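Quick look at protein16.txt (compact mmCIF, C-alpha atoms):
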```
# COMPACT_ATOMS: atom_id res chain seq x y z
CA MET J 7 -7.08 -16.79 11.47
CA LYS J 8 -4.02 -16.44 13.64
CA ASN J 9 -2.14 -14.58 10.89
CA LEU J 10 -4.68 -11.73 10.73
CA PRO J 11 -2.56 -9.05 12.49
CA LYS J 12 0.43 -9.77 10.30
CA LEU J 13 -1.60 -9.79 7.12
CA ARG J 14 -3.04 -6.38 7.92
CA ASN J 15 0.48 -5.16 8.54
CA LEU J 16 1.33 -6.17 4.99
CA ALA J 17 -0.83 -3.29 3.87
CA SER J 18 0.24 -0.73 6.44
CA GLY J 19 3.00 0.69 4.28
CA LEU J 20 0.48 2.09 1.82
CA GLU J 21 -2.56 2.93 3.90
CA ALA J 22 -3.34 3.32 7.57
CA GLY J 23 -6.77 4.92 7.44
CA VAL J 24 -10.20 3.48 8.15
CA THR J 25 -11.15 3.40 4.48
CA PHE J 26 -8.19 1.27 3.58
CA LYS J 27 -8.77 -1.05 6.52
CA GLN J 28 -12.28 -1.62 5.22
CA THR J 29 -10.85 -2.21 1.75
CA PHE J 30 -8.53 -4.94 2.96
CA ASP J 31 -11.25 -6.44 5.12
CA LEU J 32 -13.14 -7.05 1.87
CA ILE J 33 -10.41 -9.26 0.48
CA ASN J 34 -8.77 -10.61 3.66
CA PRO J 35 -10.11 -14.17 3.21
CA HIS J 36 -8.72 -14.25 -0.32
CA LEU J 37 -5.43 -12.70 0.79
CA TYR J 38 -5.13 -15.51 3.35
CA SER J 39 -5.46 -17.96 0.49
CA VAL J 40 -2.86 -16.05 -1.54
CA GLU J 41 -0.47 -15.95 1.41
CA GLU J 42 -0.83 -19.66 2.07
CA ARG J 43 -0.39 -20.50 -1.60
CA ILE J 44 2.75 -18.36 -1.79
CA ARG J 45 4.24 -20.16 1.19
CA GLN J 46 3.39 -23.51 -0.36
CA GLN J 47 5.38 -22.74 -3.51
CA ALA J 48 8.70 -23.43 -1.80
CA ARG J 49 7.71 -27.10 -1.52
CA ALA J 50 7.55 -27.35 -5.31
CA PHE J 51 11.35 -27.09 -5.47
CA ASP J 52 14.08 -29.63 -4.79
CA PRO J 53 14.71 -29.96 -1.02
CA ALA J 54 18.18 -28.49 -1.53
CA VAL J 55 16.59 -25.32 -2.94
CA GLU J 56 13.42 -25.17 -0.85
CA GLY J 57 14.93 -23.25 2.06
CA TYR J 58 16.17 -20.41 -0.12
CA VAL J 59 12.83 -20.04 -1.85
CA ALA J 60 10.97 -20.16 1.47
CA TYR J 61 13.14 -17.36 2.85
CA ALA J 62 12.47 -15.15 -0.18
CA VAL J 63 8.70 -15.64 -0.30
CA ASN J 64 8.12 -15.62 3.47
CA SER J 65 9.58 -12.16 3.96
CA GLY J 66 6.09 -10.71 3.69
CA GLY J 67 5.54 -7.35 2.11
CA LYS J 68 2.52 -5.29 1.23
CA ARG J 69 1.23 -7.90 -1.27
CA LEU J 70 -0.07 -4.90 -3.17
CA ARG J 71 -0.13 -6.58 -6.58
CA PRO J 72 -2.24 -9.50 -5.30
CA ALA J 73 -4.57 -7.02 -3.64
CA LEU J 74 -5.02 -5.13 -6.91
CA ALA J 75 -5.80 -8.35 -8.79
CA LEU J 76 -8.37 -9.37 -6.20
CA LEU J 77 -9.99 -5.93 -6.02
CA ALA J 78 -10.15 -5.69 -9.81
CA GLY J 79 -11.77 -9.12 -9.84
CA GLY J 80 -14.33 -8.04 -7.25
CA ALA J 81 -14.98 -4.77 -9.06
CA THR J 82 -15.99 -6.69 -12.19
CA GLY J 83 -17.56 -9.86 -10.81
CA LYS J 84 -17.03 -12.54 -8.19
CA ILE J 85 -13.54 -13.23 -6.81
CA THR J 86 -12.63 -16.80 -7.79
CA THR J 87 -9.79 -19.25 -7.37
CA GLY J 88 -8.52 -17.97 -10.71
CA HIS J 89 -7.98 -14.55 -9.18
CA VAL J 90 -6.12 -16.11 -6.26
CA ASP J 91 -3.94 -18.09 -8.68
CA VAL J 92 -2.97 -15.06 -10.74
CA ALA J 93 -2.33 -13.05 -7.57
CA VAL J 94 0.16 -15.70 -6.45
CA ILE J 95 1.88 -15.68 -9.85
CA LEU J 96 2.28 -11.89 -9.93
CA GLU J 97 3.63 -11.78 -6.39
CA LEU J 98 6.23 -14.45 -7.17
CA ILE J 99 7.38 -12.38 -10.15
CA HIS J 100 7.56 -9.32 -7.92
CA VAL J 101 9.61 -11.19 -5.30
CA ALA J 102 11.97 -12.35 -8.03
CA THR J 103 12.52 -8.75 -9.12
CA LEU J 104 13.23 -7.72 -5.52
CA VAL J 105 15.86 -10.42 -5.16
CA HIS J 106 17.58 -9.16 -8.31
CA ASP J 107 17.14 -5.49 -7.35
CA ASP J 108 18.83 -6.06 -4.00
CA ILE J 109 21.80 -7.63 -5.74
CA MET J 110 22.22 -4.72 -8.14
CA ASP J 111 21.76 -2.14 -5.39
CA GLY J 112 23.94 -3.92 -2.87
CA ALA J 113 21.07 -3.65 -0.38
CA GLU J 114 21.62 -5.43 2.92
CA THR J 115 18.14 -5.31 4.44
CA ARG J 116 14.57 -5.51 3.23
CA ARG J 117 11.58 -5.53 5.60
CA ASP J 118 14.01 -5.50 8.52
CA GLN J 119 15.58 -8.80 7.39
CA PRO J 120 18.89 -9.52 5.65
CA THR J 121 18.46 -9.67 1.88
CA ALA J 122 19.18 -12.92 0.06
CA ASN J 123 22.44 -11.50 -1.29
CA ALA J 124 23.48 -10.41 2.20
CA LYS J 125 22.90 -13.96 3.48
CA TRP J 126 24.18 -16.07 0.60
CA GLY J 127 26.02 -13.85 -1.84
CA ASN J 128 25.22 -12.58 -5.30
CA SER J 129 25.75 -15.77 -7.30
CA LEU J 130 23.22 -17.85 -5.42
CA SER J 131 20.77 -14.94 -5.22
CA VAL J 132 20.80 -14.41 -8.99
CA LEU J 133 19.83 -18.04 -9.46
CA LEU J 134 17.20 -17.78 -6.72
CA GLY J 135 15.54 -14.90 -8.55
CA ASP J 136 15.70 -16.89 -11.78
CA CYS J 137 14.00 -19.85 -10.08
CA LEU J 138 11.17 -17.65 -8.84
CA PHE J 139 10.64 -16.13 -12.29
CA ALA J 140 10.62 -19.53 -13.97
CA HIS J 141 8.26 -21.03 -11.40
CA ALA J 142 5.79 -18.15 -11.76
CA LEU J 143 5.73 -18.54 -15.54
CA ARG J 144 5.25 -22.29 -15.15
CA LEU J 145 2.25 -21.68 -12.89
CA SER J 146 0.72 -19.36 -15.49
CA THR J 147 0.56 -22.25 -17.97
CA ASN J 148 -2.01 -23.97 -15.74
CA PHE J 149 -4.71 -21.61 -17.02
CA SER J 150 -6.68 -23.04 -19.91
CA ASN J 151 -6.88 -19.60 -21.51
CA ASN J 152 -3.51 -18.88 -23.10
CA GLU J 153 -4.23 -15.15 -23.05
CA ILE J 154 -3.56 -15.13 -19.31
CA CYS J 155 -0.17 -16.75 -19.81
CA ARG J 156 0.59 -14.21 -22.54
CA ILE J 157 -0.26 -11.23 -20.33
CA VAL J 158 1.86 -12.60 -17.48
CA SER J 159 4.78 -13.33 -19.80
CA GLU J 160 4.65 -9.92 -21.47
CA ALA J 161 4.53 -8.14 -18.12
CA SER J 162 7.53 -10.17 -16.94
CA ALA J 163 9.47 -9.26 -20.06
CA GLU J 164 8.57 -5.58 -19.59
CA VAL J 165 9.83 -5.62 -16.01
CA CYS J 166 13.15 -7.19 -16.98
CA SER J 167 13.59 -4.91 -19.98
CA GLY J 168 12.90 -1.86 -17.84
CA GLU J 169 15.55 -2.94 -15.35
CA ILE J 170 18.06 -3.43 -18.17
CA ILE J 171 17.39 0.03 -19.59
CA GLN J 172 17.65 1.60 -16.15
CA THR J 173 20.98 -0.16 -15.61
CA GLN J 174 22.21 1.05 -19.00
CA ARG J 175 21.34 4.64 -18.09
CA ARG J 176 22.90 4.76 -14.63
CA PHE J 177 24.95 7.94 -14.09
CA ASP J 178 23.65 9.21 -17.45
CA LEU J 179 23.18 12.92 -16.83
CA ASN J 180 21.46 13.23 -20.21
CA LEU J 181 18.56 10.97 -19.23
CA SER J 182 15.34 12.70 -20.31
CA LEU J 183 12.02 12.77 -18.49
CA PRO J 184 10.32 10.69 -21.24
CA ASP J 185 13.05 8.08 -20.87
CA TYR J 186 12.59 8.03 -17.11
CA TYR J 187 8.84 7.53 -17.44
CA LYS J 188 9.39 4.76 -19.98
CA ILE J 189 11.68 2.96 -17.52
CA ILE J 190 9.29 3.09 -14.58
CA GLU J 191 6.29 2.22 -16.74
CA MET J 192 8.16 -0.96 -17.68
CA LYS J 193 9.89 -1.95 -14.47
CA THR J 194 7.11 -1.12 -11.99
CA ALA J 195 3.84 -0.16 -13.63
CA ALA J 196 3.76 -3.23 -15.89
CA LEU J 197 2.94 -5.56 -12.99
CA PHE J 198 0.41 -3.13 -11.50
CA ALA J 199 -1.29 -2.94 -14.91
CA ALA J 200 -1.21 -6.72 -15.37
CA ALA J 201 -2.74 -7.28 -11.92
CA CYS J 202 -5.70 -5.03 -12.66
CA GLU J 203 -6.08 -6.23 -16.25
CA LEU J 204 -6.03 -9.90 -15.28
CA GLY J 205 -8.43 -9.36 -12.39
CA ALA J 206 -10.98 -7.97 -14.85
CA PHE J 207 -10.12 -10.43 -17.62
CA ILE J 208 -10.71 -13.46 -15.41
CA SER J 209 -14.09 -11.94 -14.45
CA GLU J 210 -14.89 -11.74 -18.19
CA ALA J 211 -15.45 -7.99 -18.07
CA SER J 212 -15.98 -5.99 -21.25
CA PRO J 213 -12.92 -4.80 -23.22
CA GLU J 214 -13.68 -1.19 -22.17
CA ILE J 215 -13.66 -2.09 -18.48
CA ILE J 216 -10.55 -4.26 -18.80
CA SER J 217 -8.78 -1.39 -20.55
CA ALA J 218 -9.84 1.10 -17.87
CA LEU J 219 -8.54 -1.12 -15.07
CA LYS J 220 -5.28 -1.78 -16.91
CA THR J 221 -4.75 1.97 -17.33
CA PHE J 222 -5.60 2.51 -13.67
CA GLY J 223 -2.95 -0.01 -12.68
CA SER J 224 -0.35 1.56 -14.94
CA ARG J 225 -0.89 5.09 -13.63
CA LEU J 226 -1.01 3.92 -10.05
CA GLY J 227 2.24 2.03 -10.64
CA VAL J 228 3.96 5.14 -12.01
CA ALA J 229 2.79 7.21 -9.04
CA TYR J 230 3.88 4.49 -6.63
CA GLN J 231 7.35 4.28 -8.18
CA ILE J 232 7.82 8.05 -7.92
CA TYR J 233 6.75 7.78 -4.27
CA ASP J 234 9.32 5.02 -3.76
CA ASP J 235 11.98 7.17 -5.44
CA ILE J 236 11.16 10.04 -3.09
CA LEU J 237 11.20 7.67 -0.13
CA ASP J 238 14.72 6.53 -1.04
CA ILE J 239 15.91 10.12 -0.66
CA ALA J 240 13.74 11.50 2.13
CA GLY J 241 12.48 8.42 4.00
CA ASP J 242 13.51 7.03 7.36
CA GLU J 243 15.35 3.72 7.03
CA GLU J 244 14.16 2.36 10.38
CA GLU J 245 10.56 3.24 9.60
CA VAL J 246 10.66 1.89 6.04
CA GLY J 247 12.52 -1.30 6.99
CA LYS J 248 14.89 -1.47 4.02
CA THR J 249 18.18 0.00 2.87
CA LEU J 250 17.66 3.55 1.57
CA GLY J 251 19.89 5.95 -0.31
CA THR J 252 20.92 3.37 -2.89
CA ASP J 253 19.48 5.21 -5.90
CA LEU J 254 21.98 8.08 -5.73
CA GLU J 255 24.83 5.74 -4.84
CA LYS J 256 24.08 3.49 -7.82
CA GLY J 257 23.48 6.35 -10.23
CA LYS J 258 19.74 5.85 -10.68
CA LEU J 259 18.42 9.21 -11.86
CA THR J 260 14.91 9.39 -10.43
CA LEU J 261 12.30 12.08 -10.98
CA PRO J 262 13.39 14.46 -8.17
CA VAL J 263 16.98 14.26 -9.43
CA LEU J 264 16.02 14.86 -13.06
CA LEU J 265 13.88 17.85 -12.11
CA LEU J 266 16.81 19.27 -10.15
CA LEU J 267 19.16 18.82 -13.11
CA GLN J 268 16.73 20.35 -15.59
CA SER J 269 15.05 23.16 -13.68
CA SER J 270 17.52 24.57 -11.14
CA ASP J 271 20.06 27.35 -11.50
CA GLU J 272 23.50 26.57 -12.88
CA ALA J 273 25.20 26.46 -9.48
CA ALA J 274 22.71 23.90 -8.14
CA ARG J 275 22.95 21.80 -11.29
CA THR J 276 26.75 21.80 -11.17
CA ARG J 277 26.82 20.73 -7.54
CA ALA J 278 24.19 18.06 -8.20
CA ARG J 279 26.29 16.58 -11.02
CA GLU J 280 29.33 16.51 -8.73
CA LEU J 281 27.43 14.67 -6.03
CA ILE J 282 25.94 12.15 -8.48
CA LEU J 283 29.35 11.32 -9.92
CA ASN J 284 31.07 11.27 -6.52
CA GLU J 285 32.88 7.94 -6.31
CA ASN J 286 32.97 8.11 -2.51
CA HIS J 287 29.15 7.98 -2.42
CA SER J 288 29.05 10.81 0.12
CA GLY J 289 26.87 13.88 0.19
CA HIS J 290 23.44 12.23 0.55
CA GLU J 291 22.23 14.79 3.07
CA GLU J 292 23.54 17.69 0.98
CA PHE J 293 21.82 16.29 -2.09
CA ALA J 294 18.53 15.91 -0.23
CA ALA J 295 18.82 19.52 0.91
CA LEU J 296 19.44 20.65 -2.67
CA LEU J 297 16.33 18.81 -3.83
CA LYS J 298 14.26 20.50 -1.17
CA SER J 299 15.62 24.04 -1.57
CA SER J 300 15.37 23.94 -5.37
CA GLY J 301 11.74 22.86 -5.32
CA ALA J 302 12.55 19.68 -7.25
CA MET J 303 11.28 17.43 -4.45
CA ARG J 304 8.01 19.33 -4.22
CA ALA J 305 7.56 19.16 -7.99
CA ALA J 306 8.14 15.38 -7.96
CA VAL J 307 5.62 14.98 -5.15
CA GLU J 308 3.00 16.98 -7.04
CA THR J 309 3.62 14.96 -10.20
CA ALA J 310 3.04 11.70 -8.35
CA ARG J 311 -0.08 13.06 -6.68
CA ARG J 312 -1.43 14.10 -10.07
CA MET J 313 -0.79 10.61 -11.45
CA ALA J 314 -2.65 9.07 -8.50
CA ARG J 315 -5.61 11.42 -9.12
CA GLU J 316 -5.61 10.52 -12.80
CA ALA J 317 -5.63 6.85 -11.84
CA ARG J 318 -8.79 7.36 -9.81
CA GLU J 319 -10.47 9.24 -12.65
CA VAL J 320 -9.73 6.41 -15.09
CA LEU J 321 -12.01 4.17 -13.02
CA ASN J 322 -15.11 6.20 -13.95
CA PRO J 323 -16.35 3.63 -16.53
CA VAL J 324 -16.19 0.84 -13.93
CA PRO J 325 -19.56 0.35 -12.21
CA ALA J 326 -19.46 1.49 -8.59
CA ASN J 327 -19.23 -1.20 -5.91
CA LYS J 328 -17.24 -1.75 -2.74
CA TYR J 329 -14.26 -3.29 -4.56
CA ARG J 330 -14.02 -0.44 -7.06
CA ASN J 331 -14.19 1.93 -4.09
CA GLY J 332 -11.29 0.00 -2.60
CA LEU J 333 -9.17 0.69 -5.67
CA VAL J 334 -10.07 4.36 -5.40
CA ALA J 335 -9.08 4.33 -1.73
CA ILE J 336 -5.61 2.94 -2.51
CA ALA J 337 -4.92 5.70 -5.02
CA ALA J 338 -6.35 8.35 -2.69
CA HIS J 339 -4.17 7.32 0.20
CA LEU J 340 -1.06 7.28 -1.95
CA GLU J 341 -1.83 10.96 -2.53
CA THR J 342 -2.02 11.43 1.23
CA LEU J 343 1.30 9.70 1.79
CA LEU J 344 2.95 11.86 -0.84
CA SER J 345 1.64 15.03 0.79
CA LYS J 346 3.82 14.27 3.84
CA PHE J 347 7.01 15.09 1.95
```
Take the structure from the file and write it as structure tokens.
Amino acid sequence: MKNLPKLRNLASGLEAGVTFKQTFDLINPHLYSVEERIRQQARAFDPAVEGYVAYAVNSGGKRLRPALALLAGGATGKITTGHVDVAVILELIHVATLVHDDIMDGAETRRDQPTANAKWGNSLSVLLGDCLFAHALRLSTNFSNNEICRIVSEASAEVCSGEIIQTQRRFDLNLSLPDYYKIIEMKTAALFAAACELGAFISEASPEIISALKTFGSRLGVAYQIYDDILDIAGDEEEVGKTLGTDLEKGKLTLPVLLLLQSSDEAARTRARELILNENHSGHEEFAALLKSSGAMRAAVETARRMAREAREVLNPVPANKYRNGLVAIAAHLETLLSKF
């Protein structure tokens, strides 16, 4: 178990407390299996491609989606190889989206390492993301139950559609809050929901319990995306380990920005519009100060905390056990992280 310290670090971005440590201790043996299986996937490609895939999948990360699938499986039954398999599939899809996101954002670092596009350029990186998507979908066909493949495929389509809509609406100062929520429900929450749904589905839980866990995943995913949006504005790049400030530069109107545009006085709104449309991509610090002074940042934080609380409440129909408690702990700590802003 020589990888134990690193594997625990994969979770440190979301939770550092004792409760969370206990939660990950519950699933550490299965996460080792997931991690090993993910690393093995590179060998399924042509030798000329293997190195690129290995770089993308070996960059680590929180492995949050695999953890959710495993915890949902444990909350509704025994964690099996099927749960490990679906955890691998969902993480490969997530890695594929990160490769594509970094291209669109022009990000140079992720987890303190050069992004694929920084190393090899956009053209190769687009194809690398495509390969990861295709491989994940191919793996999903190994399940005898076609419903699993359908859920994975639909979640993948939702993620891609959400990214397209977000790209369409960049620099769109008329973006509404319902449209924003629709985008993040598709591009982020869809995989969270699929992880929890599939964990319960593979355990053959009742439709009511599967639905509850799917809703939990969706609401947690929305809260997590708002947290990530806040982090892009107010986080520390060295601490986070990835390029920040790209949302404003690329015209992504996130919840704090939308609240500023819709709820502030006219002078603040006018200045915010000027900074968003600034072709020189300057004014990040001024914009962050506007968000804070207007109360928009605080309102976004409270919205995300409310969503995390609602996620916990949705789990009420799920019988209490240590794995269900682990899901509750993840949502609870996300609230704690948000309270720091």
#### Entry: CA of Arg49 (chain J) to CA of Ala102 (chain J), straight-line distance in Å
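Result for CA of Ala102 (chain J) versus CA of Arg49 (chain J): 16.7 Å, one decimal.
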Near-Ile154 (chain J) list (10 Å; all atoms listed in the file; drop same-chain fewer than 2 positions) as an mmCIF file with C-alpha atoms, in the frame of the given file:
```cif
data_model
loop_
_atom_site.group_PDB
_atom_site.id
_atom_site.type_symbol
_atom_site.label_atom_id
_atom_site.label_comp_id
_atom_site.auth_asym_id
_atom_site.auth_seq_id
_atom_site.Cartn_x
_atom_site.Cartn_y
_atom_site.Cartn_z
ATOM 1 C CA VAL J 92 -2.970 -15.060 -10.740
ATOM 2 C CA SER J 146 0.720 -19.360 -15.490
ATOM 3 C CA THR J 147 0.560 -22.250 -17.970
ATOM 4 C CA ASN J 148 -2.010 -23.970 -15.740
ATOM 5 C CA PHE J 149 -4.710 -21.610 -17.020
ATOM 6 C CA SER J 150 -6.680 -23.040 -19.910
ATOM 7 C CA ASN J 151 -6.880 -19.600 -21.510
ATOM 8 C CA ASN J 152 -3.510 -18.880 -23.100
ATOM 9 C CA ARG J 156 0.590 -14.210 -22.540
ATOM 10 C CA ILE J 157 -0.260 -11.230 -20.330
ATOM 11 C CA VAL J 158 1.860 -12.600 -17.480
ATOM 12 C CA SER J 159 4.780 -13.330 -19.800
ATOM 13 C CA GLU J 160 4.650 -9.920 -21.470
ATOM 14 C CA ALA J 200 -1.210 -6.720 -15.370
ATOM 15 C CA GLU J 203 -6.080 -6.230 -16.250
ATOM 16 C CA LEU J 204 -6.030 -9.900 -15.280
ATOM 17 C CA PHE J 207 -10.120 -10.430 -17.620
ATOM 18 C CA ILE J 208 -10.710 -13.460 -15.410
#
```
For region 219-259 of chain J against region 306-317 of chain J, with a cut-off of 7 Å and counting all atoms listed in the file, what is the closest atom pair and its distance in Å to one decimal for every residue that makes the cut, ordered by chain and number, as a tab-separated table?
```
residue	atom	partner	partner_atom	distance
J:Phe222	CA	J:Ala317	CA	4.7
J:Arg225	CA	J:Ala317	CA	5.4
J:Leu226	CA	J:Ala314	CA	5.6
J:Ala229	CA	J:Ala310	CA	4.5
J:Ile232	CA	J:Ala310	CA	6.0
J:Tyr233	CA	J:Ala310	CA	6.8
```
### Message
Under the rule that all atoms listed in the file are counted, which of J:Asp185, J:Glu214, J:Asp111, J:Glu280 is the nearest residue to Leu261 (chain J)?
### Response
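So, comparing all the options, the nearest one is J:Asp185.
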### Neighbour list for region 119-126 of chain J as a PyMOL selection string, cut-off 12 Å, only C-alpha atoms, skip fewer than 6 positions in-chain
chain J and resi 57-67+101-102+104-113+132-135+244+246-249
### Message
When you count all atoms listed in the file, which of these residues is closest to Gly223 (chain J): J:Leu32, J:Leu96, J:Ala196, J:Leu138?
### Response
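Going through J:Leu32, J:Leu96, J:Ala196, J:Leu138 one by one, the smallest distance to Gly223 (chain J) is for J:Ala196.
Atom to atom, CA of Asn322 (chain J) and CA of His89 (chain J) stand 22.5 Å apart.
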### Task
Excluding region 80-85 of chain J and any residue of its chain fewer than 6 positions from it, enumerate the residues within 7 Å of it, using all atoms listed in the file, and give them as a list in words.
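Non-adjacent residues within range: Ala206, Ser209, Ala211, Asn327, Tyr329 and Arg330 of chain J.
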Give me, as an mmCIF file with C-alpha atoms, keeping the file's coordinate frame, all polymer residues having an atom no more than 10 Å from Thr103 (chain J), counting all atoms listed in the file and skipping those fewer than 5 positions away in the same chain.
```
data_model
loop_
_atom_site.group_PDB
_atom_site.id
_atom_site.type_symbol
_atom_site.label_atom_id
_atom_site.label_comp_id
_atom_site.auth_asym_id
_atom_site.auth_seq_id
_atom_site.Cartn_x
_atom_site.Cartn_y
_atom_site.Cartn_z
ATOM 1 C CA GLU J 97 3.630 -11.780 -6.390
ATOM 2 C CA LEU J 98 6.230 -14.450 -7.170
ATOM 3 C CA ASP J 108 18.830 -6.060 -4.000
ATOM 4 C CA ILE J 109 21.800 -7.630 -5.740
ATOM 5 C CA GLY J 135 15.540 -14.900 -8.550
ATOM 6 C CA ASP J 136 15.700 -16.890 -11.780
ATOM 7 C CA LEU J 138 11.170 -17.650 -8.840
ATOM 8 C CA PHE J 139 10.640 -16.130 -12.290
ATOM 9 C CA SER J 162 7.530 -10.170 -16.940
ATOM 10 C CA VAL J 165 9.830 -5.620 -16.010
ATOM 11 C CA CYS J 166 13.150 -7.190 -16.980
ATOM 12 C CA GLU J 169 15.550 -2.940 -15.350
ATOM 13 C CA LYS J 193 9.890 -1.950 -14.470
ATOM 14 C CA THR J 194 7.110 -1.120 -11.990
#
```
Using only C-alpha atoms, determine which residues lie at most 12 Å from Ser269 (chain J), disregarding the query and same-chain residues fewer than 4 positions distant; provide the list as an mmCIF file with C-alpha atoms, in the coordinates of the input.
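Generated file (result00.cif):
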```cif
data_model
loop_
_atom_site.group_PDB
_atom_site.id
_atom_site.type_symbol
_atom_site.label_atom_id
_atom_site.label_comp_id
_atom_site.auth_asym_id
_atom_site.auth_seq_id
_atom_site.Cartn_x
_atom_site.Cartn_y
_atom_site.Cartn_z
ATOM 1 C CA LEU J 183 12.020 12.770 -18.490
ATOM 2 C CA LEU J 261 12.300 12.080 -10.980
ATOM 3 C CA PRO J 262 13.390 14.460 -8.170
ATOM 4 C CA VAL J 263 16.980 14.260 -9.430
ATOM 5 C CA LEU J 264 16.020 14.860 -13.060
ATOM 6 C CA LEU J 265 13.880 17.850 -12.110
ATOM 7 C CA ALA J 273 25.200 26.460 -9.480
ATOM 8 C CA ALA J 274 22.710 23.900 -8.140
ATOM 9 C CA ARG J 275 22.950 21.800 -11.290
ATOM 10 C CA ALA J 278 24.190 18.060 -8.200
ATOM 11 C CA LEU J 297 16.330 18.810 -3.830
ATOM 12 C CA SER J 300 15.370 23.940 -5.370
ATOM 13 C CA GLY J 301 11.740 22.860 -5.320
ATOM 14 C CA ALA J 302 12.550 19.680 -7.250
ATOM 15 C CA MET J 303 11.280 17.430 -4.450
ATOM 16 C CA ALA J 305 7.560 19.160 -7.990
ATOM 17 C CA ALA J 306 8.140 15.380 -7.960
#
```
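The closest residue to Thr29 (chain J), picked from J:Cys155, J:Val55, J:Met192, J:Ala73 and counting all atoms listed in the file, is J:Ala73.
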### Query
Hey, can you check how far CA of Leu333 (chain J) sits from CA of Arg144 (chain J)?
28.7 Å
#### Entry: Which of J:Ala338, J:Val324, J:Leu181, J:Ala199 sits closest to Thr260 (chain J) [using all atoms listed in the file]
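Using all atoms listed in the file, the shortest distance to Thr260 (chain J) belongs to J:Leu181.
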### Summary
Closest of J:Asn284, J:Ser217, J:Ser182, J:Ser224 to Ala161 (chain J), counting all atoms listed in the file, is J:Ser224
### Query
Using all atoms listed in the file, which of the listed residues (J:Gly257, J:Asp242, J:Ile190, J:His36) sits closest to Asp178 (chain J)?
J:Gly257
